Amino acid sequence: MKNILSVVLLLSSFIITAQNIDLSESLVNAYYKGKSTAVQKSTSGHNNLWLTPILTKAFANWDELTAEAQTLFNVYSERPVFSGTELTYTSGNYLFHYTTTGTTDENVDATDLNINGVPDYVESIAEKFAQVYVKYHTTLFLTVPPGDGSDGGNSKYDVYLSNKEAGAGTYGWVDTYKAVGDNPNSVGITETQSALSFMVMRSNYNGFGDVEKAISVTVAHEYMHSIQAGYSYSIELWFMEASSTWAEEYAFPGYDDNFQYLIDFFDDPDVALNFDNDETPTDFYNHWYSTWLLLQYLTEQTNNGIVKELYERCITQTIFNAINSELSANWDSDFANFFSSFIITNAVLSQNSLHLPYVYNRADEYNDYINSYVYTFYENSSQIHYTGTDIVWDSEINGNKRLMRLSSDNFKFSSNGDFRLILSTLSTELELILVKKTASGVSVRKGDNGVINVTDYDATATYIPIVIRGDVDAKSTASVSYTLKFTEADPNSVFENNADKVVFYPNPVESILYFNVDERVEKVVIKDVLGNIVSQNEVYENSVHIGDVPAGMYFVDLYSENKKIVTGKMLFQ
């Protein structure tokens, strides 16, 4: 059978291409690490899904690989060849390849209870693909992967069933083996890096726990990789894994196999959201599977259709630019604000509608799962308790010295009364957030120049200080340093209504906000609880029309001579 990658390798001998030795070595090392881990009896599910991202990255960077790496990964471009008679079964858009007369590690069980000439096991696999096809292509309208002509016998998507080909301890994998540019199955879009692929699954899942679940999540996860390759084989790997893991629950709700990755996220919130297996430290290998939680929050805040929109945008954009563009164009938000909300939601971890928008639909179940483990979601092992004496937390001295890009440090905190937080850092990447959680709601304060002042301390509330690092552009996993000071509140802070200076009314506000203030006010700026500006207005006789500001809690800043003179906290109806 024609070996596409061998052809590429032959042609590349006529082209002077710079070898990326570091990349090649990292892929080879990742391959052997994944292969070794997968056969361990104690292996977790994500270690059984290890091969596809390595093959995808090898394909995307083929010309840069060393001869050693190309030889290793070239094997996977070969479609499986059975030692016994190869049989095929066509079902829907899929062509299943299998044998019953080969070696033990190749054969599927030949049991055929309905006597239709097709083993029941093969039909059970086909049924799962039929379910996934409806979910992905009919409901989400994701583009069908490009047909491969006669590469596998016909143009339908090829799935090979063989334990020998799948590998010891491995659920299955997808090989992206040939770039085709534009996907002819798409409508209204033009791909530039679409690629053909085929899938390998096991000829049985004995020893993989619940066989029904193992088959289901493998089909859901790996076939989503095939769809991704149909859009672009260069989508960032962490997002490929995040969305494929999210798809397991979407395709087969209630199986909850992806819950196993939650602990990776809540145990290490200070690890980069987009941490790559090529990066150091290697302690967080396969951390990307846990980031399905980001996509879960994104789809719950928007809808499941956003997955298709992001894939399409990834044809020409990086994933973060894609998310930012989609949120800006259709959801009146952007990635920075969404990421902050995501971090806050993980700290709140509630499904109580009174805590909207910081909720997950199944937060109680997430809580139950992660609480069955010992995990280190909070940066400090013991609670910081402020009693009136200054406390300074130094990330280099008191913390674990780790706050990567796109991550957060969260603190267990309590106080005897009012307090103030002061974030000190040389980095502009950090923002300070204070979450106040009560039974009746959640409020969020965003640091103004790194300062949050609390003069309305509520002893019944839970306060969670959070330091968020939202630097999308950082390329390394290096940390940033900071100090967080817990000190006495400033009673004259502009963050509280000051009756001596201003009176806002009515509260709640319906259409017009009035205020009495000694200074001449020139401008009113309305911000949401995260500090995002939602309205700026000129003042007319100590009043301002709030326009179409959505209902909710807001901060109202009054300006005189381009200087903020006071802030009021108001409820808008």
# chains A, B, ... in the order shown; residues from 1 in each chain; ligands from 1
call {"tool": "residues_around", "arguments": {"residues": "range 533-536 of chain A", "least_positions_apart": "5", "cutoff": "12 Å", "atoms": "only C-alpha atoms", "output": "PDB file with N, CA and C atoms, in the first residue's frame"}}
result
ATOM      1  N   ASP A 332     -20.256  39.520  22.980  1.00  0.00           N
ATOM      2  CA  ASP A 332     -20.000  40.747  23.735  1.00  0.00           C
ATOM      3  C   ASP A 332     -18.987  40.524  24.856  1.00  0.00           C
ATOM      4  N   SER A 333     -17.912  39.829  24.522  1.00  0.00           N
ATOM      5  CA  SER A 333     -16.872  39.553  25.511  1.00  0.00           C
ATOM      6  C   SER A 333     -15.551  39.421  24.775  1.00  0.00           C
ATOM      7  N   ASN A 337     -11.484  38.563  29.505  1.00  0.00           N
ATOM      8  CA  ASN A 337     -12.569  38.567  30.479  1.00  0.00           C
ATOM      9  C   ASN A 337     -13.120  37.164  30.705  1.00  0.00           C
ATOM     10  N   GLU A 522     -17.748  65.561  35.366  1.00  0.00           N
ATOM     11  CA  GLU A 522     -17.736  65.709  33.915  1.00  0.00           C
ATOM     12  C   GLU A 522     -18.038  64.407  33.183  1.00  0.00           C
ATOM     13  N   LYS A 523     -17.754  63.300  33.821  1.00  0.00           N
ATOM     14  CA  LYS A 523     -17.925  62.010  33.137  1.00  0.00           C
ATOM     15  C   LYS A 523     -18.298  60.931  34.143  1.00  0.00           C
ATOM     16  N   VAL A 524     -19.144  60.010  33.686  1.00  0.00           N
ATOM     17  CA  VAL A 524     -19.534  58.857  34.502  1.00  0.00           C
ATOM     18  C   VAL A 524     -19.143  57.586  33.748  1.00  0.00           C
ATOM     19  N   VAL A 525     -18.400  56.710  34.408  1.00  0.00           N
ATOM     20  CA  VAL A 525     -17.986  55.436  33.822  1.00  0.00           C
ATOM     21  C   VAL A 525     -18.617  54.307  34.632  1.00  0.00           C
ATOM     22  N   ILE A 526     -19.329  53.431  33.948  1.00  0.00           N
ATOM     23  CA  ILE A 526     -19.979  52.289  34.599  1.00  0.00           C
ATOM     24  C   ILE A 526     -19.186  51.027  34.271  1.00  0.00           C
ATOM     25  N   LYS A 527     -18.819  50.275  35.312  1.00  0.00           N
ATOM     26  CA  LYS A 527     -18.035  49.056  35.148  1.00  0.00           C
ATOM     27  C   LYS A 527     -18.777  47.880  35.755  1.00  0.00           C
ATOM     28  N   ASP A 528     -18.540  46.683  35.161  1.00  0.00           N
ATOM     29  CA  ASP A 528     -19.126  45.485  35.758  1.00  0.00           C
ATOM     30  C   ASP A 528     -18.262  45.032  36.917  1.00  0.00           C
ATOM     31  N   VAL A 544     -27.317  60.804  34.897  1.00  0.00           N
ATOM     32  CA  VAL A 544     -26.859  60.145  33.693  1.00  0.00           C
ATOM     33  C   VAL A 544     -27.863  59.065  33.318  1.00  0.00           C
ATOM     34  N   HIS A 545     -28.157  58.976  32.033  1.00  0.00           N
ATOM     35  CA  HIS A 545     -29.053  57.944  31.536  1.00  0.00           C
ATOM     36  C   HIS A 545     -28.235  56.671  31.322  1.00  0.00           C
ATOM     37  N   ILE A 546     -28.646  55.558  31.919  1.00  0.00           N
ATOM     38  CA  ILE A 546     -27.821  54.357  31.882  1.00  0.00           C
ATOM     39  C   ILE A 546     -27.973  53.585  30.586  1.00  0.00           C
ATOM     40  N   GLY A 547     -28.926  53.951  29.743  1.00  0.00           N
ATOM     41  CA  GLY A 547     -29.061  53.303  28.443  1.00  0.00           C
ATOM     42  C   GLY A 547     -29.454  51.846  28.553  1.00  0.00           C
ATOM     43  N   ASP A 548     -28.788  50.997  27.747  1.00  0.00           N
ATOM     44  CA  ASP A 548     -29.165  49.581  27.689  1.00  0.00           C
ATOM     45  C   ASP A 548     -28.211  48.702  28.484  1.00  0.00           C
ATOM     46  N   VAL A 549     -27.685  49.216  29.588  1.00  0.00           N
ATOM     47  CA  VAL A 549     -26.821  48.412  30.445  1.00  0.00           C
ATOM     48  C   VAL A 549     -27.642  47.255  31.019  1.00  0.00           C
ATOM     49  N   PRO A 550     -27.192  46.003  30.859  1.00  0.00           N
ATOM     50  CA  PRO A 550     -27.949  44.857  31.377  1.00  0.00           C
ATOM     51  C   PRO A 550     -28.117  44.917  32.891  1.00  0.00           C
ATOM     52  N   ALA A 551     -29.145  44.241  33.387  1.00  0.00           N
ATOM     53  CA  ALA A 551     -29.389  44.207  34.823  1.00  0.00           C
ATOM     54  C   ALA A 551     -28.212  43.544  35.526  1.00  0.00           C
ATOM     55  N   GLY A 552     -27.882  44.042  36.719  1.00  0.00           N
ATOM     56  CA  GLY A 552     -26.791  43.463  37.491  1.00  0.00           C
ATOM     57  C   GLY A 552     -26.173  44.472  38.421  1.00  0.00           C
ATOM     58  N   MET A 553     -25.122  44.046  39.123  1.00  0.00           N
ATOM     59  CA  MET A 553     -24.398  44.915  40.041  1.00  0.00           C
ATOM     60  C   MET A 553     -23.259  45.599  39.291  1.00  0.00           C
ATOM     61  N   TYR A 554     -23.109  46.928  39.510  1.00  0.00           N
ATOM     62  CA  TYR A 554     -22.075  47.680  38.804  1.00  0.00           C
ATOM     63  C   TYR A 554     -21.396  48.673  39.730  1.00  0.00           C
ATOM     64  N   PHE A 555     -20.169  49.060  39.337  1.00  0.00           N
ATOM     65  CA  PHE A 555     -19.472  50.155  39.994  1.00  0.00           C
ATOM     66  C   PHE A 555     -19.618  51.395  39.114  1.00  0.00           C
ATOM     67  N   VAL A 556     -19.899  52.539  39.739  1.00  0.00           N
ATOM     68  CA  VAL A 556     -20.086  53.798  39.022  1.00  0.00           C
ATOM     69  C   VAL A 556     -18.967  54.747  39.432  1.00  0.00           C
ATOM     70  N   ASP A 557     -18.104  55.107  38.471  1.00  0.00           N
ATOM     71  CA  ASP A 557     -16.990  56.017  38.725  1.00  0.00           C
ATOM     72  C   ASP A 557     -17.357  57.418  38.262  1.00  0.00           C
ATOM     73  N   LEU A 558     -17.159  58.404  39.135  1.00  0.00           N
ATOM     74  CA  LEU A 558     -17.374  59.806  38.774  1.00  0.00           C
ATOM     75  C   LEU A 558     -16.020  60.467  38.561  1.00  0.00           C
ATOM     76  N   TYR A 559     -15.902  61.216  37.454  1.00  0.00           N
ATOM     77  CA  TYR A 559     -14.651  61.876  37.108  1.00  0.00           C
ATOM     78  C   TYR A 559     -14.806  63.385  37.076  1.00  0.00           C
TER      79      TYR A 559
END
call {"tool": "residues_around", "arguments": {"residues": "range 477-486 of chain A", "least_positions_apart": "4", "cutoff": "8 Å", "atoms": "only C-alpha atoms", "output": "ChimeraX atom specification"}}
result
/A:272,275,279-280,386,390-396,401-405,419-427
call {"tool": "atom_distance", "arguments": {"atom1": "CA of Tyr32 in chain A", "atom2": "CA of Trp238 in chain A"}}
result
19.7 Å
call {"tool": "residues_around", "arguments": {"residues": "Leu262 in chain A", "least_positions_apart": "6", "cutoff": "8 Å", "atoms": "only C-alpha atoms", "output": "PDB file with C-alpha atoms, in the first residue's frame"}}
result
ATOM      1  CA  SER A 290      -7.754  18.400  32.077  1.00  0.00           C
ATOM      2  CA  LEU A 293     -13.060  22.120  31.685  1.00  0.00           C
ATOM      3  CA  TYR A 366     -17.138  17.853  40.149  1.00  0.00           C
ATOM      4  CA  ILE A 370     -12.129  16.037  43.391  1.00  0.00           C
TER       5      ILE A 370
END
call {"tool": "atom_distance", "arguments": {"atom1": "CA of Gly305 in chain A", "atom2": "CA of Phe141 in chain A"}}
result
8.1 Å
call {"tool": "atom_distance", "arguments": {"atom1": "CA of Thr66 in chain A", "atom2": "CA of Asn48 in chain A"}}
result
26.3 Å
call {"tool": "closest_residue", "arguments": {"among": "A:Glu236, A:Phe59, A:Trp246, A:Phe266", "to": "Ser197 in chain A", "atoms": "only C-alpha atoms"}}
result
A:Phe59
call {"tool": "select_by_dssp", "arguments": {"residues": "range 160-377 of chain A", "states": "alpha helix (DSSP H)", "output": "PyMOL selection string"}}
result
chain A and resi 163-166+211-231+237-251+262-267+292-301+306-313+319-330+335-348+363-370
call {"tool": "residues_around", "arguments": {"residues": "Lys308 in chain A", "least_positions_apart": "2", "cutoff": "9 Å", "atoms": "only C-alpha atoms", "output": "number ranges by chain"}}
result
A: 140-143, 304-306, 310-313
call {"tool": "select_by_dssp", "arguments": {"residues": "range 143-374 of chain A", "states": "strand (DSSP E)", "output": "PyMOL selection string"}}
result
chain A and resi 157-161+172-181+194-201
call {"tool": "residues_around", "arguments": {"residues": "range 192-195 of chain A", "least_positions_apart": "5", "cutoff": "8 Å", "atoms": "only C-alpha atoms", "output": "ChimeraX atom specification"}}
result
/A:146,176-183,229-234,315
call {"tool": "closest_atom_pairs", "arguments": {"of": "range 78-193 of chain A", "to": "range 205-219 of chain A", "cutoff": "12 Å", "atoms": "only C-alpha atoms", "output": "Markdown table"}}
result
| residue | atom | partner | partner_atom | distance |
| --- | --- | --- | --- | --- |
| A:Asp105 | CA | A:Tyr205 | CA | 11.3 |
| A:Val108 | CA | A:Tyr205 | CA | 10.3 |
| A:Asp109 | CA | A:Tyr205 | CA | 11.2 |
| A:Tyr121 | CA | A:Tyr205 | CA | 10.4 |
| A:Val122 | CA | A:Ile215 | CA | 11.2 |
| A:Ser124 | CA | A:Ile215 | CA | 9.0 |
| A:Ile125 | CA | A:Ile215 | CA | 7.2 |
| A:Ala126 | CA | A:Val219 | CA | 9.6 |
| A:Glu127 | CA | A:Ser216 | CA | 9.7 |
| A:Lys128 | CA | A:Ser216 | CA | 6.3 |
| A:Phe129 | CA | A:Val219 | CA | 6.5 |
| A:Ala130 | CA | A:Val219 | CA | 10.1 |
| A:Gln131 | CA | A:Ser216 | CA | 9.5 |
| A:Val132 | CA | A:Val219 | CA | 7.6 |
| A:Tyr133 | CA | A:Val219 | CA | 10.1 |
| A:Tyr136 | CA | A:Val219 | CA | 11.7 |
| A:Val159 | CA | A:Val219 | CA | 10.0 |
| A:Leu161 | CA | A:Tyr205 | CA | 10.8 |
| A:Ser162 | CA | A:Tyr205 | CA | 10.5 |
| A:Asn163 | CA | A:Tyr205 | CA | 8.7 |
| A:Ala166 | CA | A:Tyr205 | CA | 10.9 |
| A:Gly167 | CA | A:Tyr205 | CA | 11.9 |
| A:Ala168 | CA | A:Tyr205 | CA | 11.1 |
| A:Gly169 | CA | A:Phe208 | CA | 8.3 |
| A:Thr170 | CA | A:Phe208 | CA | 9.4 |
| A:Tyr171 | CA | A:Thr218 | CA | 6.3 |
| A:Gly172 | CA | A:Thr218 | CA | 6.7 |
| A:Trp173 | CA | A:Thr218 | CA | 8.5 |
| A:Val174 | CA | A:Val219 | CA | 10.5 |
call {"tool": "residues_around", "arguments": {"residues": "Ala242 in chain A", "least_positions_apart": "3", "cutoff": "10 Å", "atoms": "only C-alpha atoms", "output": "PyMOL selection string"}}
result
chain A and resi 221+237-239+245-247+274+287-296
call {"tool": "residues_around", "arguments": {"residues": "Ile468 in chain A", "least_positions_apart": "4", "cutoff": "10 Å", "atoms": "only C-alpha atoms", "output": "number ranges by chain"}}
result
A: 270, 339-340, 343-344, 403-410, 429-433
